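Trainee: My structure is stored as upload-v5.json, with JSON, C-alpha atoms.
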```json
[["chain", "number", "residue", "atom", "x", "y", "z"],
["P", 1, "MET", "CA", -10.90, -21.93, 1.76],
["P", 2, "LYS", "CA", -13.96, -21.92, 3.92],
["P", 3, "LYS", "CA", -17.29, -20.47, 2.94],
["P", 4, "LYS", "CA", -16.93, -17.74, 5.54],
["P", 5, "GLU", "CA", -13.67, -16.61, 3.98],
["P", 6, "LEU", "CA", -15.20, -16.46, 0.54],
["P", 7, "ILE", "CA", -18.04, -14.33, 1.91],
["P", 8, "PHE", "CA", -15.47, -12.10, 3.61],
["P", 9, "ILE", "CA", -13.57, -11.66, 0.34],
["P", 10, "ALA", "CA", -16.80, -11.00, -1.56],
["P", 11, "VAL", "CA", -17.74, -8.30, 0.97],
["P", 12, "ILE", "CA", -14.40, -6.52, 0.49],
["P", 13, "LEU", "CA", -14.70, -6.67, -3.29],
["P", 14, "LEU", "CA", -18.29, -5.43, -3.11],
["P", 15, "LEU", "CA", -17.15, -2.58, -0.87],
["P", 16, "ALA", "CA", -14.48, -1.67, -3.42],
["P", 17, "VAL", "CA", -16.99, -1.69, -6.25],
["P", 18, "LEU", "CA", -19.49, 0.38, -4.26],
["P", 19, "LEU", "CA", -16.79, 2.89, -3.35],
["P", 20, "TRP", "CA", -15.69, 3.11, -6.95],
["P", 21, "GLY", "CA", -19.27, 3.45, -8.15],
["P", 22, "GLY", "CA", -19.97, 6.13, -5.57],
["P", 23, "MET", "CA", -16.96, 8.08, -6.71],
["P", 24, "GLN", "CA", -17.98, 7.76, -10.34],
["P", 25, "ILE", "CA", -21.42, 9.20, -9.53],
["P", 26, "THR", "CA", -20.20, 12.06, -7.37],
["P", 27, "LYS", "CA", -17.27, 12.81, -9.64],
["P", 28, "ASN", "CA", -17.50, 15.94, -11.68],
["P", 29, "ARG", "CA", -18.52, 15.14, -15.20],
["P", 30, "SER", "CA", -15.74, 17.08, -16.78],
["P", 31, "SER", "CA", -12.68, 18.28, -15.02],
["P", 32, "ALA", "CA", -11.64, 21.18, -17.11],
["P", 33, "THR", "CA", -9.19, 22.32, -14.46],
["P", 34, "ILE", "CA", -6.70, 20.83, -12.09],
["P", 35, "ARG", "CA", -6.06, 21.83, -8.53],
["P", 36, "ILE", "CA", -2.55, 21.56, -7.15],
["P", 37, "THR", "CA", -2.17, 21.15, -3.41],
["P", 38, "VAL", "CA", 1.09, 21.23, -1.48],
["P", 39, "ASP", "CA", 1.14, 20.03, 2.12],
["P", 40, "GLY", "CA", -2.64, 20.40, 2.35],
["P", 41, "LYS", "CA", -2.58, 24.02, 1.17],
["P", 42, "GLU", "CA", -3.91, 24.99, -2.22],
["P", 43, "TYR", "CA", -1.13, 25.98, -4.56],
["P", 44, "GLY", "CA", -3.20, 26.92, -7.55],
["P", 45, "ILE", "CA", -5.94, 26.06, -10.02],
["P", 46, "TYR", "CA", -5.01, 25.71, -13.66],
["P", 47, "SER", "CA", -7.02, 25.24, -16.81],
["P", 48, "LEU", "CA", -6.47, 22.15, -18.89],
["P", 49, "ASN", "CA", -7.42, 24.03, -22.04],
["P", 50, "LYS", "CA", -4.23, 26.02, -22.08],
["P", 51, "ASP", "CA", -0.87, 24.38, -22.67],
["P", 52, "GLN", "CA", 1.49, 25.43, -19.90],
["P", 53, "THR", "CA", 4.31, 24.30, -17.66],
["P", 54, "ILE", "CA", 3.79, 24.81, -13.95],
["P", 55, "HIS", "CA", 6.69, 24.85, -11.53],
["P", 56, "ILE", "CA", 5.39, 23.65, -8.19],
["P", 57, "GLY", "CA", 7.76, 25.16, -5.67],
["P", 58, "ASP", "CA", 11.21, 24.01, -6.68],
["P", 59, "THR", "CA", 10.41, 20.35, -6.27],
["P", 60, "ASN", "CA", 7.96, 19.34, -9.00],
["P", 61, "VAL", "CA", 7.08, 20.37, -12.52],
["P", 62, "CYS", "CA", 3.65, 19.76, -14.02],
["P", 63, "GLU", "CA", 3.01, 20.12, -17.70],
["P", 64, "ILE", "CA", -0.36, 20.67, -19.34],
["P", 65, "LYS", "CA", -0.47, 19.70, -22.98],
["P", 66, "ASN", "CA", -3.42, 18.92, -25.24],
["P", 67, "GLY", "CA", -5.81, 18.91, -22.27],
["P", 68, "LEU", "CA", -3.71, 16.46, -20.28],
["P", 69, "ALA", "CA", -1.78, 17.27, -17.10],
["P", 70, "THR", "CA", 1.33, 15.21, -16.39],
["P", 71, "MET", "CA", 4.02, 15.43, -13.75],
["P", 72, "THR", "CA", 7.16, 15.83, -15.80],
["P", 73, "ASP", "CA", 9.75, 16.33, -13.10],
["P", 74, "ALA", "CA", 10.10, 15.64, -9.40],
["P", 75, "SER", "CA", 12.98, 16.00, -7.00],
["P", 76, "CYS", "CA", 12.16, 12.82, -5.10],
["P", 77, "PRO", "CA", 14.27, 9.71, -5.69],
["P", 78, "ASP", "CA", 11.56, 7.30, -6.86],
["P", 79, "HIS", "CA", 9.66, 9.52, -9.35],
["P", 80, "LEU", "CA", 6.44, 7.56, -8.76],
["P", 81, "CYS", "CA", 4.33, 10.62, -9.51],
["P", 82, "MET", "CA", 5.82, 10.83, -12.98],
["P", 83, "TYR", "CA", 4.55, 7.33, -13.79],
["P", 84, "GLN", "CA", 1.01, 7.90, -12.56],
["P", 85, "GLY", "CA", -0.29, 8.85, -15.96],
["P", 86, "SER", "CA", -2.03, 12.07, -16.72],
["P", 87, "ILE", "CA", -5.17, 13.90, -15.71],
["P", 88, "GLY", "CA", -7.57, 14.65, -18.50],
["P", 89, "GLU", "CA", -11.24, 15.43, -18.88],
["P", 90, "LYS", "CA", -12.15, 12.27, -16.99],
["P", 91, "GLY", "CA", -10.40, 13.50, -13.86],
["P", 92, "GLY", "CA", -7.84, 11.65, -11.86],
["P", 93, "LEU", "CA", -5.16, 12.13, -9.29],
["P", 94, "ILE", "CA", -1.39, 12.42, -9.25],
["P", 95, "VAL", "CA", 0.33, 12.26, -5.89],
["P", 96, "CYS", "CA", 3.94, 12.91, -5.00],
["P", 97, "LEU", "CA", 4.21, 11.63, -1.46],
["P", 98, "PRO", "CA", 7.73, 12.78, -0.55],
["P", 99, "ASN", "CA", 7.04, 16.37, -1.63],
["P", 100, "LYS", "CA", 3.41, 16.26, -0.43],
["P", 101, "VAL", "CA", 2.17, 17.46, -3.81],
["P", 102, "VAL", "CA", -1.30, 16.44, -4.97],
["P", 103, "ILE", "CA", -2.72, 17.25, -8.39],
["P", 104, "GLU", "CA", -6.40, 16.51, -8.83],
["P", 105, "GLY", "CA", -8.88, 17.06, -11.60],
["P", 106, "VAL", "CA", -11.64, 19.43, -10.48],
["P", 107, "LYS", "CA", -14.71, 20.94, -12.01],
["P", 108, "ALA", "CA", -14.19, 24.41, -13.30],
["P", 109, "VAL", "CA", -14.74, 26.71, -10.33],
["P", 110, "SER", "CA", -15.87, 29.57, -12.45],
["P", 111, "SER", "CA", -15.09, 30.00, -16.07],
["P", 112, "ASP", "CA", -13.28, 33.32, -15.77],
["P", 113, "GLN", "CA", -11.09, 32.20, -12.87],
["P", 114, "ALA", "CA", -9.89, 29.10, -14.60],
["P", 115, "SER", "CA", -9.66, 30.26, -18.18],
["P", 116, "ASP", "CA", -6.58, 32.43, -17.92],
["P", 117, "GLY", "CA", -4.70, 29.90, -15.79],
["P", 118, "VAL", "CA", -3.34, 32.58, -13.48],
["P", 119, "ASP", "CA", -2.14, 31.00, -10.29],
["P", 120, "THR", "CA", -4.08, 31.76, -7.17],
["P", 121, "VAL", "CA", -1.20, 31.75, -4.74],
["P", 122, "SER", "CA", -1.73, 34.40, -2.14],
["Z", 1, "MET", "CA", 15.04, -21.99, 22.10],
["Z", 2, "VAL", "CA", 17.83, -22.75, 19.66],
["Z", 3, "LYS", "CA", 15.73, -23.86, 16.70],
["Z", 4, "LYS", "CA", 13.22, -21.08, 17.11],
["Z", 5, "THR", "CA", 15.92, -18.42, 17.40],
["Z", 6, "ALA", "CA", 17.60, -19.75, 14.30],
["Z", 7, "TYR", "CA", 14.33, -19.74, 12.38],
["Z", 8, "LEU", "CA", 13.46, -16.21, 13.50],
["Z", 9, "GLY", "CA", 16.82, -15.08, 12.15],
["Z", 10, "LEU", "CA", 16.25, -16.99, 8.96],
["Z", 11, "PHE", "CA", 12.81, -15.48, 8.45],
["Z", 12, "SER", "CA", 14.08, -11.97, 9.18],
["Z", 13, "ALA", "CA", 16.64, -12.50, 6.43],
["Z", 14, "ILE", "CA", 13.99, -13.86, 4.06],
["Z", 15, "ALA", "CA", 11.66, -10.94, 4.79],
["Z", 16, "ILE", "CA", 14.47, -8.45, 4.11],
["Z", 17, "ILE", "CA", 15.43, -10.16, 0.85],
["Z", 18, "PHE", "CA", 11.78, -10.19, -0.25],
["Z", 19, "GLY", "CA", 11.58, -6.48, 0.51],
["Z", 20, "TYR", "CA", 14.67, -5.89, -1.64],
["Z", 21, "VAL", "CA", 13.40, -8.03, -4.51],
["Z", 22, "GLU", "CA", 10.14, -6.12, -4.42],
["Z", 23, "SER", "CA", 11.91, -2.78, -4.58],
["Z", 24, "LEU", "CA", 13.42, -3.97, -7.88],
["Z", 25, "LEU", "CA", 10.05, -4.81, -9.42],
["Z", 26, "PRO", "CA", 8.50, -1.93, -11.31],
["Z", 27, "ILE", "CA", 5.26, -0.60, -9.92],
["Z", 28, "PHE", "CA", 2.31, -1.49, -12.01],
["Z", 29, "ILE", "CA", -0.81, 0.41, -13.11],
["Z", 30, "GLY", "CA", 0.49, 3.67, -11.75],
["Z", 31, "ILE", "CA", -0.93, 3.47, -8.27],
["Z", 32, "PRO", "CA", 1.54, 4.12, -5.49],
["Z", 33, "GLY", "CA", 1.71, 1.42, -2.87],
["Z", 34, "ILE", "CA", 0.71, -1.54, -5.05],
["Z", 35, "LYS", "CA", 3.11, -4.34, -4.28],
["Z", 36, "LEU", "CA", 2.98, -8.10, -4.08],
["Z", 37, "GLY", "CA", 3.62, -8.03, -0.35],
["Z", 38, "LEU", "CA", 6.10, -10.90, -0.52],
["Z", 39, "ALA", "CA", 7.43, -10.03, 2.91],
["Z", 40, "ASN", "CA", 4.04, -10.85, 4.37],
["Z", 41, "LEU", "CA", 4.83, -14.45, 3.46],
["Z", 42, "ALA", "CA", 7.39, -14.55, 6.26],
["Z", 43, "ILE", "CA", 5.24, -12.55, 8.69],
["Z", 44, "LEU", "CA", 2.17, -14.70, 8.06],
["Z", 45, "PHE", "CA", 4.18, -17.88, 8.46],
["Z", 46, "LEU", "CA", 5.51, -16.70, 11.82],
["Z", 47, "LEU", "CA", 2.05, -15.65, 12.96],
["Z", 48, "GLU", "CA", 0.60, -19.03, 12.03],
["Z", 49, "ARG", "CA", 3.48, -21.12, 13.36],
["Z", 50, "TYR", "CA", 4.40, -19.13, 16.47],
["Z", 51, "SER", "CA", 2.49, -16.07, 17.65],
["Z", 52, "PHE", "CA", 2.02, -12.32, 17.37],
["Z", 53, "ARG", "CA", 5.22, -11.64, 19.32],
["Z", 54, "GLU", "CA", 7.53, -13.38, 16.85],
["Z", 55, "ALA", "CA", 5.74, -11.93, 13.82],
["Z", 56, "ALA", "CA", 5.92, -8.40, 15.24],
["Z", 57, "MET", "CA", 9.63, -8.69, 16.04],
["Z", 58, "VAL", "CA", 10.57, -9.84, 12.55],
["Z", 59, "SER", "CA", 8.24, -7.28, 10.99],
["Z", 60, "VAL", "CA", 9.86, -4.34, 12.81],
["Z", 61, "ILE", "CA", 13.38, -5.60, 12.06],
["Z", 62, "ARG", "CA", 12.51, -6.01, 8.40],
["Z", 63, "ILE", "CA", 11.03, -2.52, 8.03],
["Z", 64, "LEU", "CA", 13.92, -0.78, 9.78],
["Z", 65, "VAL", "CA", 16.60, -2.66, 7.83],
["Z", 66, "ILE", "CA", 14.85, -2.22, 4.47],
["Z", 67, "GLY", "CA", 14.05, 1.40, 5.28],
["Z", 68, "PHE", "CA", 17.60, 2.33, 6.16],
["Z", 69, "LEU", "CA", 19.12, 0.36, 3.28],
["Z", 70, "PHE", "CA", 16.84, 1.26, 0.38],
["Z", 71, "GLY", "CA", 14.24, 3.73, 1.57],
["Z", 72, "ASN", "CA", 13.87, 6.98, 3.40],
["Z", 73, "MET", "CA", 12.02, 8.29, 6.43],
["Z", 74, "PHE", "CA", 8.75, 8.40, 4.48],
["Z", 75, "SER", "CA", 8.91, 4.84, 3.27],
["Z", 76, "ILE", "CA", 9.60, 3.70, 6.85],
["Z", 77, "ILE", "CA", 6.54, 5.58, 8.11],
["Z", 78, "TYR", "CA", 4.33, 4.11, 5.36],
["Z", 79, "SER", "CA", 5.64, 0.60, 5.88],
["Z", 80, "LEU", "CA", 5.27, 0.80, 9.65],
["Z", 81, "SER", "CA", 1.70, 2.09, 9.54],
["Z", 82, "GLY", "CA", 0.68, -0.56, 7.01],
["Z", 83, "ALA", "CA", 2.44, -3.37, 8.82],
["Z", 84, "ALA", "CA", 1.14, -2.37, 12.25],
["Z", 85, "LEU", "CA", -2.51, -2.24, 11.17],
["Z", 86, "SER", "CA", -2.08, -5.39, 9.09],
["Z", 87, "LEU", "CA", -0.49, -7.44, 11.87],
["Z", 88, "ALA", "CA", -3.02, -6.21, 14.45],
["Z", 89, "CYS", "CA", -5.95, -7.18, 12.21],
["Z", 90, "MET", "CA", -4.41, -10.55, 11.26],
["Z", 91, "THR", "CA", -3.82, -11.37, 14.93],
["Z", 92, "PHE", "CA", -7.38, -10.36, 15.80],
["Z", 93, "MET", "CA", -8.92, -12.41, 12.98],
["Z", 94, "LYS", "CA", -6.76, -15.43, 13.78],
["Z", 95, "ALA", "CA", -7.92, -15.34, 17.40],
["Z", 96, "LYS", "CA", -11.58, -14.62, 16.73],
["Z", 97, "THR", "CA", -12.33, -16.63, 13.59],
["Z", 98, "ASP", "CA", -11.38, -20.01, 12.13],
["Z", 99, "PHE", "CA", -10.03, -18.47, 8.93],
["Z", 100, "SER", "CA", -7.37, -20.45, 7.08],
["Z", 101, "PRO", "CA", -4.02, -18.80, 6.31],
["Z", 102, "ILE", "CA", -5.54, -17.62, 3.01],
["Z", 103, "GLY", "CA", -8.30, -15.69, 4.75],
["Z", 104, "ILE", "CA", -5.85, -14.27, 7.28],
["Z", 105, "SER", "CA", -3.55, -13.27, 4.42],
["Z", 106, "VAL", "CA", -6.39, -11.41, 2.68],
["Z", 107, "VAL", "CA", -7.12, -9.56, 5.92],
["Z", 108, "GLY", "CA", -3.44, -8.67, 6.12],
["Z", 109, "GLY", "CA", -3.16, -7.56, 2.50],
["Z", 110, "VAL", "CA", -6.25, -5.36, 2.58],
["Z", 111, "THR", "CA", -5.54, -3.75, 5.96],
["Z", 112, "HIS", "CA", -1.90, -3.16, 5.01],
["Z", 113, "ASN", "CA", -3.08, -1.11, 2.06],
["Z", 114, "ILE", "CA", -5.67, 0.74, 4.17],
["Z", 115, "GLY", "CA", -3.02, 1.56, 6.78],
["Z", 116, "GLN", "CA", -0.67, 2.98, 4.16],
["Z", 117, "LEU", "CA", -3.45, 4.95, 2.52],
["Z", 118, "LEU", "CA", -4.45, 6.50, 5.86],
["Z", 119, "ALA", "CA", -0.82, 7.39, 6.58],
["Z", 120, "ALA", "CA", -0.49, 8.97, 3.14],
["Z", 121, "MET", "CA", -3.69, 10.98, 3.64],
["Z", 122, "LEU", "CA", -2.37, 12.28, 6.96],
["Z", 123, "ILE", "CA", 1.04, 13.16, 5.51],
["Z", 124, "VAL", "CA", -0.09, 15.01, 2.40],
["Z", 125, "LYS", "CA", -3.14, 16.33, 4.31],
["Z", 126, "ASN", "CA", -5.42, 15.64, 1.37],
["Z", 127, "GLY", "CA", -8.55, 13.51, 1.55],
["Z", 128, "SER", "CA", -8.83, 13.05, -2.20],
["Z", 129, "LEU", "CA", -6.37, 10.18, -1.94],
["Z", 130, "ILE", "CA", -9.45, 8.09, -1.15],
["Z", 131, "TYR", "CA", -9.61, 7.89, -4.95],
["Z", 132, "TYR", "CA", -7.13, 5.02, -4.70],
["Z", 133, "ALA", "CA", -9.11, 3.07, -2.10],
["Z", 134, "PRO", "CA", -11.10, 0.76, -4.44],
["Z", 135, "ALA", "CA", -8.01, -0.32, -6.38],
["Z", 136, "LEU", "CA", -6.05, -0.80, -3.17],
["Z", 137, "LEU", "CA", -8.84, -2.95, -1.70],
["Z", 138, "ILE", "CA", -9.05, -5.14, -4.80],
["Z", 139, "PHE", "CA", -5.28, -5.56, -5.06],
["Z", 140, "GLY", "CA", -5.13, -6.30, -1.34],
["Z", 141, "VAL", "CA", -7.48, -9.22, -1.93],
["Z", 142, "ILE", "CA", -5.56, -10.51, -4.97],
["Z", 143, "THR", "CA", -2.11, -10.33, -3.40],
["Z", 144, "GLY", "CA", -3.57, -11.62, -0.13],
["Z", 145, "VAL", "CA", -4.91, -14.77, -1.79],
["Z", 146, "LEU", "CA", -1.59, -15.38, -3.60],
["Z", 147, "ILE", "CA", 0.50, -14.92, -0.46],
["Z", 148, "GLY", "CA", -1.98, -17.02, 1.52],
["Z", 149, "LEU", "CA", -1.70, -19.92, -0.94],
["Z", 150, "LEU", "CA", 2.10, -19.77, -0.80],
["Z", 151, "THR", "CA", 2.10, -19.62, 3.00],
["Z", 152, "THR", "CA", -0.25, -22.64, 3.21],
["Z", 153, "GLU", "CA", 2.20, -24.65, 1.09],
["Z", 154, "ILE", "CA", 5.19, -23.57, 3.16],
["Z", 155, "LEU", "CA", 3.39, -24.38, 6.43],
["Z", 156, "ARG", "CA", 2.64, -27.83, 5.04],
["Z", 157, "ARG", "CA", 6.13, -28.49, 3.76],
["Z", 158, "LEU", "CA", 7.97, -27.17, 6.82],
["Z", 159, "PRO", "CA", 6.59, -29.27, 9.68],
["Z", 160, "SER", "CA", 6.64, -27.65, 13.09],
["Z", 161, "LYS", "CA", 9.07, -30.29, 14.40],
["Z", 162, "TYR", "CA", 11.76, -28.49, 12.39],
["Z", 163, "THR", "CA", 10.88, -24.99, 13.45],
["Z", 164, "SER", "CA", 10.07, -25.57, 17.12],
["Z", 165, "ASP", "CA", 12.11, -26.95, 19.97],
["Z", 166, "ALA", "CA", 10.84, -30.32, 21.10],
["Z", 167, "THR", "CA", 10.31, -30.99, 24.79],
["Z", 168, "LYS", "CA", 11.94, -33.99, 26.49],
["Z", 169, "LYS", "CA", 8.94, -36.16, 25.71],
["Z", 170, "GLY", "CA", 9.28, -35.34, 22.07],
["Z", 171, "ILE", "CA", 6.17, -33.22, 21.96],
["Z", 172, "THR", "CA", 6.62, -30.10, 19.90],
["Z", 173, "ASN", "CA", 5.91, -26.88, 21.65],
["Z", 174, "ASP", "CA", 5.51, -23.61, 19.90],
["Z", 175, "HIS", "CA", 6.72, -21.51, 22.78]]
```
Could I get this structure in the form of structure tokens?
Mentor:
Amino acid sequence: MKKKELIFIAVILLLAVLLWGGMQITKNRSSATIRITVDGKEYGIYSLNKDQTIHIGDTNVCEIKNGLATMTDASCPDHLCMYQGSIGEKGGLIVCLPNKVVIEGVKAVSSDQASDGVDTVS
Amino acid sequence: MVKKTAYLGLFSAIAIIFGYVESLLPIFIGIPGIKLGLANLAILFLLERYSFREAAMVSVIRILVIGFLFGNMFSIIYSLSGAALSLACMTFMKAKTDFSPIGISVVGGVTHNIGQLLAAMLIVKNGSLIYYAPALLIFGVITGVLIGLLTTEILRRLPSKYTSDATKKGITNDH
């Protein structure tokens, strides 16, 4: 490998680290709630403090247990979203591409809105 | 034309088999879209040995066959967007720089991941997918280096006299 290529690789890795660092800084310190988005539209905001099972449309099922949100069921064939781990206090992201469902950890919008876990579908 | 046509067929078959083998491997670390990119071995070889045209042809054939056999409309869209950006960037870098196949492969691996990420962001209409970008960049570099090393070996062990049709004077010609 030439020196130029090594520099090129180093720049990409540095970019990745910077991006990651930037996201760590801007990330909300504690994500006490999760936001579920379907096809770009907000489906609902749910508290992580309350154990519950959320049926997202009739395609996906998200379960919140012990402060962790996990995708427990999906209608898509590959079930990738179910293997993406869970969202806890540290935030995170679960994406189901075929059903266009995104679950992300967010900072509590306001304590009263998030605490009861009532869905905000209008 | 005979040798080249035969080799293009052979590499299409190899690329399709690689795609199938990869679909059997479990995804690791829970990030969608992380793959070894074995198929890029064939595409990179064709780009280095022949030109953009041959690589693009085999790439499109591979994606359509794999997509219809094992995937769905979404996987075809993701694959196409990744492959298109990747091949365009690899061709550009090959023409404008003196990068070795390893460097070109890294360009391909990273831009393939970026292309797929952009397609995913457009499809789910959610910008927070950028969360995956650092991991995808790093894995693009790692898989790119691995595939680049393999391609360098294959280019060395498969001399162009076997893959290209010789002219009457015995001089190999890539076109």
Trainee: When you count only C-alpha atoms, which of these residues is closest to chain Z: P:Val17, P:Val11, P:Val106, P:Gly44?
Mentor: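 Among the listed residues, the smallest separation from chain Z belongs to P:Val17.
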Trainee: Determine, counting only C-alpha atoms, which protein, DNA and RNA residues have an atom within 6 Å of an atom of P:Ile64; residues of the same chain fewer than 5 positions away are not included. Present the result as a compact mmCIF listing (two decimals) with C-alpha atoms, keeping the file's coordinate frame.
Mentor:
```
# COMPACT_ATOMS: atom_id res chain seq x y z
CA ASP P 51 -0.87 24.38 -22.67
CA GLN P 52 1.49 25.43 -19.90
CA ALA P 69 -1.78 17.27 -17.10
```
Trainee: Smallest atom-to-atom distance to Z:Ala39: which of Z:Phe70, Z:Tyr7, Z:Tyr132, Z:Phe18, using only C-alpha atoms?
Mentor: Z:Phe18
Trainee: Chain Z residues within 9 Å of chain P, counting all atoms listed in the file: which ones, as a PyMOL selection string?
Mentor: chain Z and resi 27+29-32+74-75+98-104+106-107+110+120+123-126+128-129+131-138+141
Trainee: My list of candidates is Z:Ile16, Z:Ile34, Z:Leu44, Z:Val21. Which is closest to Z:Ile114 when distances are computed with only C-alpha atoms?
Mentor: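 Once distances to Z:Ile114 are computed over only C-alpha atoms, the minimum belongs to Z:Ile34.
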Trainee: Compare Z:Ser51, Z:Ser81, Z:Thr91, Z:Ser160 by their minimum atom-to-atom distance to Z:Met121, counting all atoms listed in the file, and give me the closest one.
Mentor: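 Nearest candidate to Z:Met121 out of Z:Ser51, Z:Ser81, Z:Thr91, Z:Ser160: Z:Ser81.
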Trainee: Find the spatial neighbours of Z:Asn113, counting only C-alpha atoms, within a cut-off of 7 Å - ignore same-chain residues fewer than 2 positions away - and output them as a PyMOL selection string.
Mentor: chain Z and resi 82+109-111+115-117+136+140
Trainee: Write out, as JSON lines, each residue of stretch 26-64 of chain P that has an atom at most 6 Å from stretch 70-76 of chain P, together with the closest pair of atoms and their distance in Å to one decimal, counting only C-alpha atoms, rows going by chain and rising number.
Mentor:
```
{"residue": "P:Thr59", "atom": "CA", "partner": "P:Ser75", "partner_atom": "CA", "distance": 5.1}
{"residue": "P:Asn60", "atom": "CA", "partner": "P:Ala74", "partner_atom": "CA", "distance": 4.3}
{"residue": "P:Val61", "atom": "CA", "partner": "P:Asp73", "partner_atom": "CA", "distance": 4.9}
{"residue": "P:Cys62", "atom": "CA", "partner": "P:Met71", "partner_atom": "CA", "distance": 4.4}
{"residue": "P:Glu63", "atom": "CA", "partner": "P:Thr70", "partner_atom": "CA", "distance": 5.4}
```
